[in-house]
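Novice: mmCIF, C-alpha atoms and all ligand atoms, saved as coords19.cif, coming up:
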```
data_coords
loop_
_atom_site.label_atom_id
_atom_site.label_comp_id
_atom_site.auth_asym_id
_atom_site.auth_seq_id
_atom_site.Cartn_x
_atom_site.Cartn_y
_atom_site.Cartn_z
CA MET A 139 5.18 206.68 -48.91
CA ALA A 140 4.81 210.04 -50.52
CA LEU A 141 3.15 212.48 -48.15
CA PHE A 142 2.91 215.27 -50.66
CA ARG A 143 1.49 214.97 -54.11
CA ARG A 144 3.91 215.90 -56.84
CA LYS A 145 3.16 219.34 -58.18
CA ARG A 146 1.28 218.88 -61.43
CA GLY A 147 1.31 221.31 -64.27
CA THR A 148 2.38 224.89 -64.21
CA THR A 149 0.53 228.09 -63.36
CA GLU A 150 2.64 230.19 -65.71
CA THR A 151 -0.10 230.86 -68.26
CA MET A 152 -2.64 231.53 -65.51
CA LYS A 153 -0.41 234.28 -64.14
CA LYS A 154 1.33 235.64 -67.22
CA GLY A 155 -0.98 234.53 -70.00
CA ALA A 156 -0.34 232.40 -73.06
CA LYS A 157 2.34 233.43 -75.53
CA LEU A 158 0.73 234.90 -78.62
CA ILE A 159 3.29 234.24 -81.29
CA THR A 160 0.64 234.72 -83.99
CA VAL A 161 0.41 238.37 -82.89
CA ALA A 162 4.07 238.92 -81.98
CA ASN A 163 5.44 237.33 -85.12
CA PRO A 164 2.78 236.34 -87.66
CA GLN A 165 5.40 235.43 -90.27
CA SER A 166 7.26 232.95 -88.07
CA PRO A 167 7.23 229.20 -88.87
CA VAL A 168 5.30 228.56 -85.64
CA SER A 169 2.56 231.01 -86.69
CA GLU A 170 2.48 229.28 -90.05
CA GLN A 171 1.90 225.99 -88.24
CA PHE A 172 -1.04 227.49 -86.40
CA ARG A 173 -2.45 228.55 -89.76
CA THR A 174 -1.98 224.97 -90.96
CA VAL A 175 -3.97 223.75 -87.97
CA ARG A 176 -6.73 226.17 -89.02
CA THR A 177 -6.61 224.85 -92.59
CA ASN A 178 -6.85 221.26 -91.38
CA ILE A 179 -9.83 222.07 -89.19
CA ASN A 180 -11.43 223.76 -92.19
CA PHE A 181 -11.03 220.55 -94.21
CA MET A 182 -13.16 218.85 -91.60
CA ALA A 183 -15.84 221.49 -92.11
CA VAL A 184 -16.41 220.70 -95.78
CA ASP A 185 -19.58 218.68 -95.24
CA HIS A 186 -20.44 219.99 -91.86
CA ASP A 187 -20.40 223.65 -90.96
CA ILE A 188 -18.31 224.37 -87.86
CA LYS A 189 -19.52 227.36 -85.87
CA THR A 190 -18.70 226.21 -82.36
CA MET A 191 -15.62 224.28 -81.36
CA ALA A 192 -13.53 223.64 -78.31
CA PHE A 193 -9.96 222.67 -77.60
CA THR A 194 -9.27 220.24 -74.82
CA SER A 195 -6.64 217.71 -73.79
CA ALA A 196 -6.38 214.58 -71.70
CA ASN A 197 -4.60 216.18 -68.74
CA ILE A 198 -3.52 219.60 -67.51
CA SER A 199 -0.65 221.66 -68.89
CA GLU A 200 -0.53 220.13 -72.33
CA GLY A 201 -0.75 223.46 -74.12
CA LYS A 202 -4.50 223.92 -74.62
CA SER A 203 -4.68 227.59 -73.72
CA THR A 204 -1.65 228.49 -75.81
CA VAL A 205 -2.88 226.55 -78.82
CA THR A 206 -6.50 227.73 -78.45
CA ALA A 207 -5.59 231.41 -78.26
CA ASN A 208 -3.20 231.25 -81.21
CA VAL A 209 -5.57 229.26 -83.42
CA ALA A 210 -8.41 231.68 -82.54
CA ILE A 211 -6.15 234.55 -83.59
CA THR A 212 -5.40 232.92 -86.96
CA TYR A 213 -9.15 232.58 -87.55
CA ALA A 214 -9.66 236.25 -86.69
CA GLN A 215 -6.73 237.19 -88.92
CA SER A 216 -8.40 235.30 -91.76
CA GLY A 217 -11.36 237.67 -91.43
CA LEU A 218 -13.80 235.57 -89.40
CA LYS A 219 -15.59 237.36 -86.60
CA THR A 220 -14.43 235.14 -83.76
CA LEU A 221 -15.35 234.84 -80.08
CA LEU A 222 -12.84 233.13 -77.81
CA ILE A 223 -14.29 231.90 -74.51
CA ASP A 224 -12.34 230.82 -71.45
CA GLY A 225 -14.25 227.69 -70.47
CA ASP A 226 -11.56 226.33 -68.17
CA LEU A 227 -13.01 227.54 -64.90
CA ARG A 228 -10.37 225.79 -62.81
CA ARG A 229 -7.30 227.11 -64.52
CA PRO A 230 -8.43 230.23 -66.41
CA THR A 231 -5.89 232.15 -68.50
CA LEU A 232 -7.65 234.34 -71.04
CA HIS A 233 -7.73 237.51 -68.89
CA SER A 234 -3.97 237.20 -68.30
CA THR A 235 -3.29 236.48 -71.96
CA PHE A 236 -5.12 239.61 -73.12
CA ASN A 237 -4.39 241.61 -70.01
CA VAL A 238 -7.98 242.45 -69.09
CA ARG A 239 -9.86 242.38 -65.78
CA ASN A 240 -11.71 239.25 -64.86
CA ASN A 241 -14.30 240.63 -62.46
CA ARG A 242 -17.04 239.52 -64.87
CA GLY A 243 -17.17 236.98 -67.63
CA LEU A 244 -18.63 233.58 -68.38
CA THR A 245 -19.53 232.81 -64.77
CA THR A 246 -21.40 236.12 -64.55
CA VAL A 247 -23.54 235.00 -67.47
CA LEU A 248 -24.09 231.51 -66.10
CA THR A 249 -25.02 232.58 -62.60
CA SER A 250 -27.08 235.61 -63.49
CA GLU A 251 -30.80 235.50 -62.81
CA ALA A 252 -31.53 237.63 -65.83
CA LYS A 253 -33.36 235.93 -68.68
CA GLU A 254 -31.80 238.18 -71.29
CA ILE A 255 -28.05 238.35 -71.51
CA ASN A 256 -26.51 241.52 -72.80
CA LEU A 257 -23.39 240.36 -74.58
CA GLU A 258 -21.86 243.82 -74.56
CA ASP A 259 -21.73 243.68 -70.78
CA VAL A 260 -19.44 240.67 -70.71
CA VAL A 261 -17.65 240.32 -74.04
CA GLU A 262 -14.53 242.42 -74.56
CA GLU A 263 -12.45 243.38 -77.55
CA SER A 264 -9.12 241.57 -77.54
CA GLY A 265 -7.05 244.16 -79.36
CA VAL A 266 -6.75 241.75 -82.31
CA GLU A 267 -9.00 242.70 -85.20
CA ASN A 268 -12.11 240.45 -85.45
CA LEU A 269 -11.38 238.74 -82.13
CA SER A 270 -13.63 239.23 -79.11
CA ILE A 271 -13.01 237.52 -75.81
CA LEU A 272 -15.11 236.29 -72.92
CA THR A 273 -12.97 235.66 -69.86
CA SER A 274 -13.89 233.11 -67.20
CA GLY A 275 -15.23 235.61 -64.66
CA PRO A 276 -14.85 235.01 -60.91
CA ILE A 277 -14.35 231.35 -60.09
CA PRO A 278 -17.28 229.79 -58.23
CA PRO A 279 -17.06 226.75 -55.93
CA ASN A 280 -18.86 224.54 -58.47
CA PRO A 281 -17.08 225.37 -61.75
CA ALA A 282 -17.68 222.06 -63.50
CA GLU A 283 -21.43 222.09 -62.94
CA LEU A 284 -21.66 225.47 -64.63
CA ILE A 285 -19.91 224.32 -67.79
CA GLY A 286 -22.16 221.27 -68.11
CA SER A 287 -25.31 223.26 -67.40
CA HIS A 288 -28.29 223.78 -69.63
CA ARG A 289 -27.71 227.51 -69.34
CA MET A 290 -24.23 227.14 -70.81
CA ARG A 291 -25.64 225.34 -73.83
CA THR A 292 -28.33 227.98 -74.26
CA PHE A 293 -25.69 230.67 -74.01
CA ILE A 294 -23.57 229.03 -76.73
CA ASP A 295 -26.64 228.91 -78.98
CA LEU A 296 -27.21 232.59 -78.33
CA VAL A 297 -23.66 233.75 -79.02
CA LYS A 298 -23.17 231.71 -82.15
CA ALA A 299 -25.76 233.83 -83.88
CA HIS A 300 -23.52 236.87 -83.35
CA TYR A 301 -20.19 235.45 -84.53
CA ASP A 302 -18.83 233.49 -87.46
CA LEU A 303 -17.00 231.22 -85.05
CA VAL A 304 -17.03 230.51 -81.31
CA ILE A 305 -13.93 228.83 -79.85
CA ILE A 306 -13.77 227.56 -76.27
CA ASP A 307 -10.79 226.63 -74.15
CA LEU A 308 -12.09 223.70 -72.09
CA ALA A 309 -10.71 221.90 -69.04
CA PRO A 310 -9.04 218.52 -69.65
CA VAL A 311 -11.35 215.59 -70.35
CA LEU A 312 -9.80 213.29 -67.77
CA GLU A 313 -9.98 215.97 -65.07
CA VAL A 314 -13.41 217.51 -65.49
CA SER A 315 -16.39 215.42 -66.53
CA ASP A 316 -18.50 218.33 -67.72
CA THR A 317 -16.10 218.92 -70.59
CA GLN A 318 -17.68 216.00 -72.45
CA GLU A 319 -21.16 217.20 -71.71
CA LEU A 320 -20.59 220.60 -73.26
CA ALA A 321 -18.40 219.21 -76.04
CA SER A 322 -21.21 217.00 -77.29
CA HIS A 323 -23.28 220.13 -77.82
CA LEU A 324 -20.61 221.76 -80.01
CA ASP A 325 -19.83 221.21 -83.69
CA GLY A 326 -16.54 219.60 -82.74
CA ILE A 327 -13.49 219.48 -80.52
CA VAL A 328 -9.77 219.43 -81.16
CA LEU A 329 -7.58 217.42 -78.82
CA VAL A 330 -4.25 218.96 -77.84
CA VAL A 331 -1.56 216.44 -77.02
CA ARG A 332 1.93 217.19 -75.88
CA GLN A 333 4.69 215.15 -77.36
CA GLY A 334 6.88 213.53 -74.73
CA LYS A 335 4.33 214.25 -72.00
CA THR A 336 0.89 212.96 -72.88
CA GLN A 337 0.83 209.21 -72.48
CA LYS A 338 -0.89 206.89 -74.92
CA PRO A 339 -3.36 205.37 -72.45
CA ALA A 340 -4.43 208.88 -71.42
CA ILE A 341 -5.08 209.88 -75.02
CA LYS A 342 -6.95 206.66 -75.67
CA ARG A 343 -9.09 207.14 -72.57
CA ALA A 344 -9.82 210.74 -73.49
CA VAL A 345 -10.80 209.72 -77.03
CA ASP A 346 -12.95 206.87 -75.68
CA MET A 347 -14.75 209.22 -73.30
CA LEU A 348 -15.37 211.80 -76.01
CA THR A 349 -16.53 209.17 -78.48
CA PHE A 350 -18.87 207.68 -75.88
CA ALA A 351 -20.35 211.14 -75.34
CA LYS A 352 -20.84 211.41 -79.13
CA VAL A 353 -18.42 214.30 -79.42
CA ARG A 354 -17.15 215.00 -82.91
CA ILE A 355 -13.36 214.96 -82.79
CA LEU A 356 -12.10 217.26 -85.52
CA GLY A 357 -8.47 216.28 -85.08
CA TYR A 358 -5.42 216.57 -82.91
CA VAL A 359 -2.83 219.23 -82.43
CA MET A 360 0.49 217.84 -81.43
CA ASN A 361 2.16 220.41 -79.29
CA ASP A 362 5.80 220.85 -78.39
CA VAL A 363 7.09 218.70 -81.19
CA SER A 364 10.84 218.34 -80.77
CA SER A 365 13.03 220.19 -83.20
CA GLU A 366 14.26 217.07 -85.00
CA ASN A 367 10.65 216.16 -85.80
CA ALA A 368 9.29 219.55 -86.65
CA GLY A 369 12.36 221.32 -87.87
CA TYR A 370 11.65 224.31 -85.64
CA GLY A 371 13.31 224.95 -82.32
CA TYR A 372 10.32 226.28 -80.44
CA GLY A 373 8.27 223.42 -81.62
CA TYR A 374 4.62 223.67 -82.21
CA GLY A 375 3.72 220.87 -84.41
CA TYR A 376 0.53 219.38 -85.55
CA GLY A 377 -0.36 215.86 -86.22
CA TYR A 378 -3.76 215.33 -87.50
CA GLY A 379 -5.44 212.06 -86.91
CA TYR A 380 -8.98 211.97 -88.11
CA GLY A 381 -11.12 210.69 -85.32
CA TYR A 382 -11.16 207.51 -83.41
CA GLY A 383 -10.22 205.08 -86.17
CA GLU A 384 -6.84 206.67 -86.64
CA THR A 385 -5.93 206.21 -83.01
CA ASN A 386 -6.59 202.48 -83.27
CA LYS A 387 -4.17 201.92 -86.07
CA LYS A 388 -0.96 200.34 -84.89
CA LYS A 389 1.27 202.81 -86.65
CA GLY A 390 -1.17 205.69 -86.41
CA PHE A 391 -1.27 208.74 -84.29
CA LEU A 392 -0.79 207.00 -80.92
CA SER A 393 2.45 205.35 -81.94
CA ARG A 394 4.16 208.70 -81.57
CA PHE A 395 3.49 208.86 -77.85
CA LYS A 396 4.94 207.43 -74.70
CA LYS A 397 3.56 204.09 -73.56
N1 LIG B 401 5.08 224.23 -77.62
C1 LIG B 401 5.47 224.69 -76.45
N2 LIG B 401 6.76 224.93 -76.22
C2 LIG B 401 7.19 225.38 -75.03
N3 LIG B 401 6.36 225.65 -73.98
C3 LIG B 401 5.06 225.43 -74.16
C4 LIG B 401 4.53 224.96 -75.39
N4 LIG B 401 3.18 224.85 -75.25
C5 LIG B 401 2.88 225.23 -73.99
N5 LIG B 401 4.00 225.59 -73.34
C6 LIG B 401 4.08 226.02 -71.93
O1 LIG B 401 3.51 224.97 -71.14
C7 LIG B 401 2.74 225.51 -70.08
C8 LIG B 401 1.29 225.03 -70.19
O2 LIG B 401 0.70 225.60 -71.36
P1 LIG B 401 -0.82 226.00 -71.38
O3 LIG B 401 -1.18 226.83 -70.20
O4 LIG B 401 -1.11 226.57 -72.74
O5 LIG B 401 -1.46 224.55 -71.24
P2 LIG B 401 -2.92 224.15 -70.76
O6 LIG B 401 -3.14 222.77 -71.29
O7 LIG B 401 -3.89 225.20 -71.10
O8 LIG B 401 -2.73 224.07 -69.19
P3 LIG B 401 -3.91 224.09 -68.07
O9 LIG B 401 -4.26 222.66 -67.87
O10 LIG B 401 -3.25 224.73 -66.90
O11 LIG B 401 -5.04 224.87 -68.60
C9 LIG B 401 2.90 227.02 -70.17
O12 LIG B 401 3.94 227.40 -69.32
C10 LIG B 401 3.25 227.25 -71.64
O13 LIG B 401 4.00 228.44 -71.83
MG MG B 402 -5.23 226.25 -69.91
#
```
Taking this structure as input, can you express it in the form of structure tokens?
Ligand SMILES: Nc1ncnc2c1ncn2[C@@H]1O[C@H](COP(=O)(O)OP(=O)(O)OP(=O)(O)O)[C@@H](O)[C@H]1O
Ligand SMILES: [Mg+2]
Specialist:
Amino acid sequence: MALFRRKRGTTETMKKGAKLITVANPQSPVSEQFRTVRTNINFMAVDHDIKTMAFTSANISEGKSTVTANVAITYAQSGLKTLLIDGDLRRPTLHSTFNVRNNRGLTTVLTSEAKEINLEDVVEESGVENLSILTSGPIPPNPAELIGSHRMRTFIDLVKAHYDLVIIDLAPVLEVSDTQELASHLDGIVLVVRQGKTQKPAIKRAVDMLTFAKVRILGYVMNDVSSENAGYGYGYGYGYGYGYGETNKKKGFLSRFKK
């Protein structure tokens, strides 16, 4: 009998931040793949304007924060005034990624008594042109309840009037139930899956839960694609399935994952 639970996930990005290859080397093939992810998301916006979107995954440590930050940067680099929010209140990373203090942030907004929220008090410049960031703020004992709260939804409605695009890094669907609640209020979500790690039943369950909550799934980013598949050693890849139907096809998106 195992007395200790196996350590799950890694805290590397929480401590050191996500790797911003789109800033460090915008011309690299990996940065180009992030731009392709942006293009594919934009295809989904043809009939339906996307102003608010989140990235999530089935489980922890599948690459959400890394993918979210880099995709947000490619949007900012394309000229859109973008706000990136750290909505993963259990495993926040944004302050480490952009090397800013986290003594105030999203939780400050959500727990404040004030009726009016002064965005300038909480939103910071990221150092990347057109990209503002809102870090998690101090972590409260009830993080999930805050994300699913009415105040969070009101806040999103407020900020979206000030930006071309609001992107949120959300906790994994199978770990935190409030992810679905907020996601259904957004224009769409992108599911990050990690090749060789995320298991098919987990993806299916995550998709089922999101679909049940009437969340619009914009697509999937397949992270950590091995070099023989993607052609690039470092291996960000993307595999875009379009919504639930694709995942049901025998040879569709799910066939690329572990049973
Ligand atoms: N494509 C990749 N290649 C190599 N390492 C990667 C890749 N994507 C993510 N990682 C590493 O995997 C770890 C988890 O990544 P990240 O923090 O972005 O995932 P996450 O889904 O946000 O995790 P959490 O559930 O903790 O929020 C980090 O150490 C990150 O550097
Ligand atoms: Mg994360």
Novice: Report as a Markdown table the residues of stretch 295-316 of chain A within 9 Å of stretch 285-288 of chain A, each with its shortest atom pair and distance in Å (one decimal), using all atoms listed in the file, ordered by chain and increasing residue number.
Specialist:
```
| residue | atom | partner | partner_atom | distance |
| --- | --- | --- | --- | --- |
| A:Leu308 | CA | A:Ile285 | CA | 8.9 |
| A:Ser315 | CA | A:Gly286 | CA | 8.4 |
| A:Asp316 | CA | A:Gly286 | CA | 4.7 |
```
Novice: Go ahead and compute the interatomic distance for atom CA of A:Val311 and atom P1 of ligand LIG 401 (chain B), in Å to one decimal.
Specialist: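 These atoms are spaced 14.8 Å apart.
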Novice: Which residue is closest to A:Ile305? Choose from A:Ile327, A:Leu356, A:Val260, A:Val247 and count all atoms listed in the file.
Specialist: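 Looking at the shortest contact to A:Ile305, the residue is A:Ile327.
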Novice: Is there a way to get, as a PyMOL selection string, all residues within 10 Å of the point (-5.4, 214.2, -69.2) in file coordinates, counting only C-alpha atoms?
Specialist: chain A and resi 194-200+309-314+330-331+336-337+339-341+343-344
Novice: Can you write out as a Markdown table which residues of chain A fall within 7 Å of ligand LIG 401 (chain B), alongside each residue's closest atom pair and its distance in Å to one decimal, counting only C-alpha atoms and all ligand atoms and ordering rows by chain and ascending residue number?
Specialist:
```
| residue | atom | partner | partner_atom | distance |
| --- | --- | --- | --- | --- |
| A:Gly147 | CA | B:LIG401 | O10 | 6.3 |
| A:Thr148 | CA | B:LIG401 | O12 | 5.9 |
| A:Thr149 | CA | B:LIG401 | O10 | 6.2 |
| A:Glu150 | CA | B:LIG401 | O12 | 4.7 |
| A:Thr151 | CA | B:LIG401 | O3 | 4.6 |
| A:Met152 | CA | B:LIG401 | O3 | 6.8 |
| A:Ala156 | CA | B:LIG401 | O4 | 5.9 |
| A:Lys157 | CA | B:LIG401 | O13 | 6.4 |
| A:Ser195 | CA | B:LIG401 | O6 | 6.6 |
| A:Asn197 | CA | B:LIG401 | O9 | 6.5 |
| A:Ile198 | CA | B:LIG401 | O9 | 3.2 |
| A:Ser199 | CA | B:LIG401 | O8 | 3.2 |
| A:Glu200 | CA | B:LIG401 | O6 | 3.9 |
| A:Gly201 | CA | B:LIG401 | O5 | 3.2 |
| A:Lys202 | CA | B:LIG401 | O6 | 3.8 |
| A:Ser203 | CA | B:LIG401 | O7 | 3.6 |
| A:Thr204 | CA | B:LIG401 | O4 | 3.7 |
| A:Val205 | CA | B:LIG401 | O4 | 6.3 |
| A:Asp226 | CA | B:LIG401 | O11 | 6.7 |
| A:Arg229 | CA | B:LIG401 | O11 | 5.2 |
| A:Pro230 | CA | B:LIG401 | O11 | 6.7 |
| A:Ala309 | CA | B:LIG401 | O11 | 6.4 |
| A:Pro310 | CA | B:LIG401 | O9 | 6.6 |
| A:Asn361 | CA | B:LIG401 | N1 | 5.1 |
| A:Asp362 | CA | B:LIG401 | N1 | 3.5 |
| A:Val363 | CA | B:LIG401 | N1 | 6.9 |
| A:Tyr372 | CA | B:LIG401 | N2 | 5.7 |
| A:Gly373 | CA | B:LIG401 | N1 | 5.2 |
| A:Tyr374 | CA | B:LIG401 | N1 | 4.6 |
```
Novice: Those same residues, written as a PDB file, in the frame of the given file with C-alpha atoms?
Specialist:
```pdb
ATOM      1  CA  GLY A 147       1.310 221.310 -64.270  1.00  0.00           C
ATOM      2  CA  THR A 148       2.380 224.890 -64.210  1.00  0.00           C
ATOM      3  CA  THR A 149       0.530 228.090 -63.360  1.00  0.00           C
ATOM      4  CA  GLU A 150       2.640 230.190 -65.710  1.00  0.00           C
ATOM      5  CA  THR A 151      -0.100 230.860 -68.260  1.00  0.00           C
ATOM      6  CA  MET A 152      -2.640 231.530 -65.510  1.00  0.00           C
ATOM      7  CA  ALA A 156      -0.340 232.400 -73.060  1.00  0.00           C
ATOM      8  CA  LYS A 157       2.340 233.430 -75.530  1.00  0.00           C
ATOM      9  CA  SER A 195      -6.640 217.710 -73.790  1.00  0.00           C
ATOM     10  CA  ASN A 197      -4.600 216.180 -68.740  1.00  0.00           C
ATOM     11  CA  ILE A 198      -3.520 219.600 -67.510  1.00  0.00           C
ATOM     12  CA  SER A 199      -0.650 221.660 -68.890  1.00  0.00           C
ATOM     13  CA  GLU A 200      -0.530 220.130 -72.330  1.00  0.00           C
ATOM     14  CA  GLY A 201      -0.750 223.460 -74.120  1.00  0.00           C
ATOM     15  CA  LYS A 202      -4.500 223.920 -74.620  1.00  0.00           C
ATOM     16  CA  SER A 203      -4.680 227.590 -73.720  1.00  0.00           C
ATOM     17  CA  THR A 204      -1.650 228.490 -75.810  1.00  0.00           C
ATOM     18  CA  VAL A 205      -2.880 226.550 -78.820  1.00  0.00           C
ATOM     19  CA  ASP A 226     -11.560 226.330 -68.170  1.00  0.00           C
ATOM     20  CA  ARG A 229      -7.300 227.110 -64.520  1.00  0.00           C
ATOM     21  CA  PRO A 230      -8.430 230.230 -66.410  1.00  0.00           C
ATOM     22  CA  ALA A 309     -10.710 221.900 -69.040  1.00  0.00           C
ATOM     23  CA  PRO A 310      -9.040 218.520 -69.650  1.00  0.00           C
ATOM     24  CA  ASN A 361       2.160 220.410 -79.290  1.00  0.00           C
ATOM     25  CA  ASP A 362       5.800 220.850 -78.390  1.00  0.00           C
ATOM     26  CA  VAL A 363       7.090 218.700 -81.190  1.00  0.00           C
ATOM     27  CA  TYR A 372      10.320 226.280 -80.440  1.00  0.00           C
ATOM     28  CA  GLY A 373       8.270 223.420 -81.620  1.00  0.00           C
ATOM     29  CA  TYR A 374       4.620 223.670 -82.210  1.00  0.00           C
TER      30      TYR A 374
END
```
Novice: Figure out the distance between atom CA of A:Val266 and atom CA of A:Arg332, please, to one decimal in Å.
Specialist: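 Rounded to one decimal, the two atoms are 26.8 Å apart.
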Novice: Excluding A:Glu170 and any residue of its chain fewer than 6 positions from it, enumerate the residues within 10 Å of it, using all atoms listed in the file, and give them as a ChimeraX atom specification.
Specialist: /A:160,163-164,176,212,374
Novice: Measuring between only C-alpha atoms and all ligand atoms, which one of A:Ala252, A:Ile159, A:Ile306, A:Thr245 shows the shortest distance to ligand MG 402 (chain B)?
Specialist: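 Closest candidate: A:Ile306.
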Novice: Distance atom CA of A:Ala351-atom CA of A:Glu319, one decimal place?
Specialist: 7.1 Å
Novice: If we count all atoms listed in the file, what is near A:Leu272 at a cut-off of 6 Å, once residues fewer than 6 positions away on the same chain are taken out, given as a count of residues only?
Specialist: 3
Novice: Output, as AutoDock Vina command-line options, the centre and edge lengths in Å (one decimal) of the axis-aligned box that contains all listed atoms of stretch 166-169 of chain A with 5 Å of margin on each side.
Specialist:
```
--center_x 4.9 --center_y 230.8 --center_z -87.3 --size_x 14.7 --size_y 14.4 --size_z 13.2
```
Novice: With only C-alpha atoms and all ligand atoms as the atoms that count, which of A:Ile255, A:Val238, A:Ala183, A:Ala207 lies nearest to ligand MG 402 (chain B)?
Specialist: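 Nearest candidate to ligand MG 402 (chain B) out of A:Ile255, A:Val238, A:Ala183, A:Ala207: A:Ala207.
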Novice: So which residues touch A:Leu303 within 9 Å, counting all atoms listed in the file, skipping near sequence neighbours fewer than 4 positions away, as a list in words?
Specialist: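 Using all atoms listed in the file, the neighbours found are Ile188, Lys189, Thr190, Met191, Ala210, Tyr213, Leu218, Lys219, Thr220, Leu221, Leu222 and Lys298 of chain A.
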Novice: Which is closest to A:Arg289 among A:Ser250, A:Ser216, A:Gln333, A:Ser166, if we use all atoms listed in the file?
Specialist: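 Comparing A:Ser250, A:Ser216, A:Gln333, A:Ser166 against A:Arg289, the winner is A:Ser250.
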Novice: Here is a test: counting all atoms listed in the file, which residue of A:Asn178, A:Asp302, A:Leu158, A:Asp307 is nearest to ligand MG 402 (chain B)?
Specialist: A:Asp307
Novice: Here is a test: counting all atoms listed in the file, which residue of A:Val209, A:Val161, A:Leu232, A:Met347 is nearest to A:Val359?
Specialist: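 Using all atoms listed in the file, the shortest distance to A:Val359 belongs to A:Val209.
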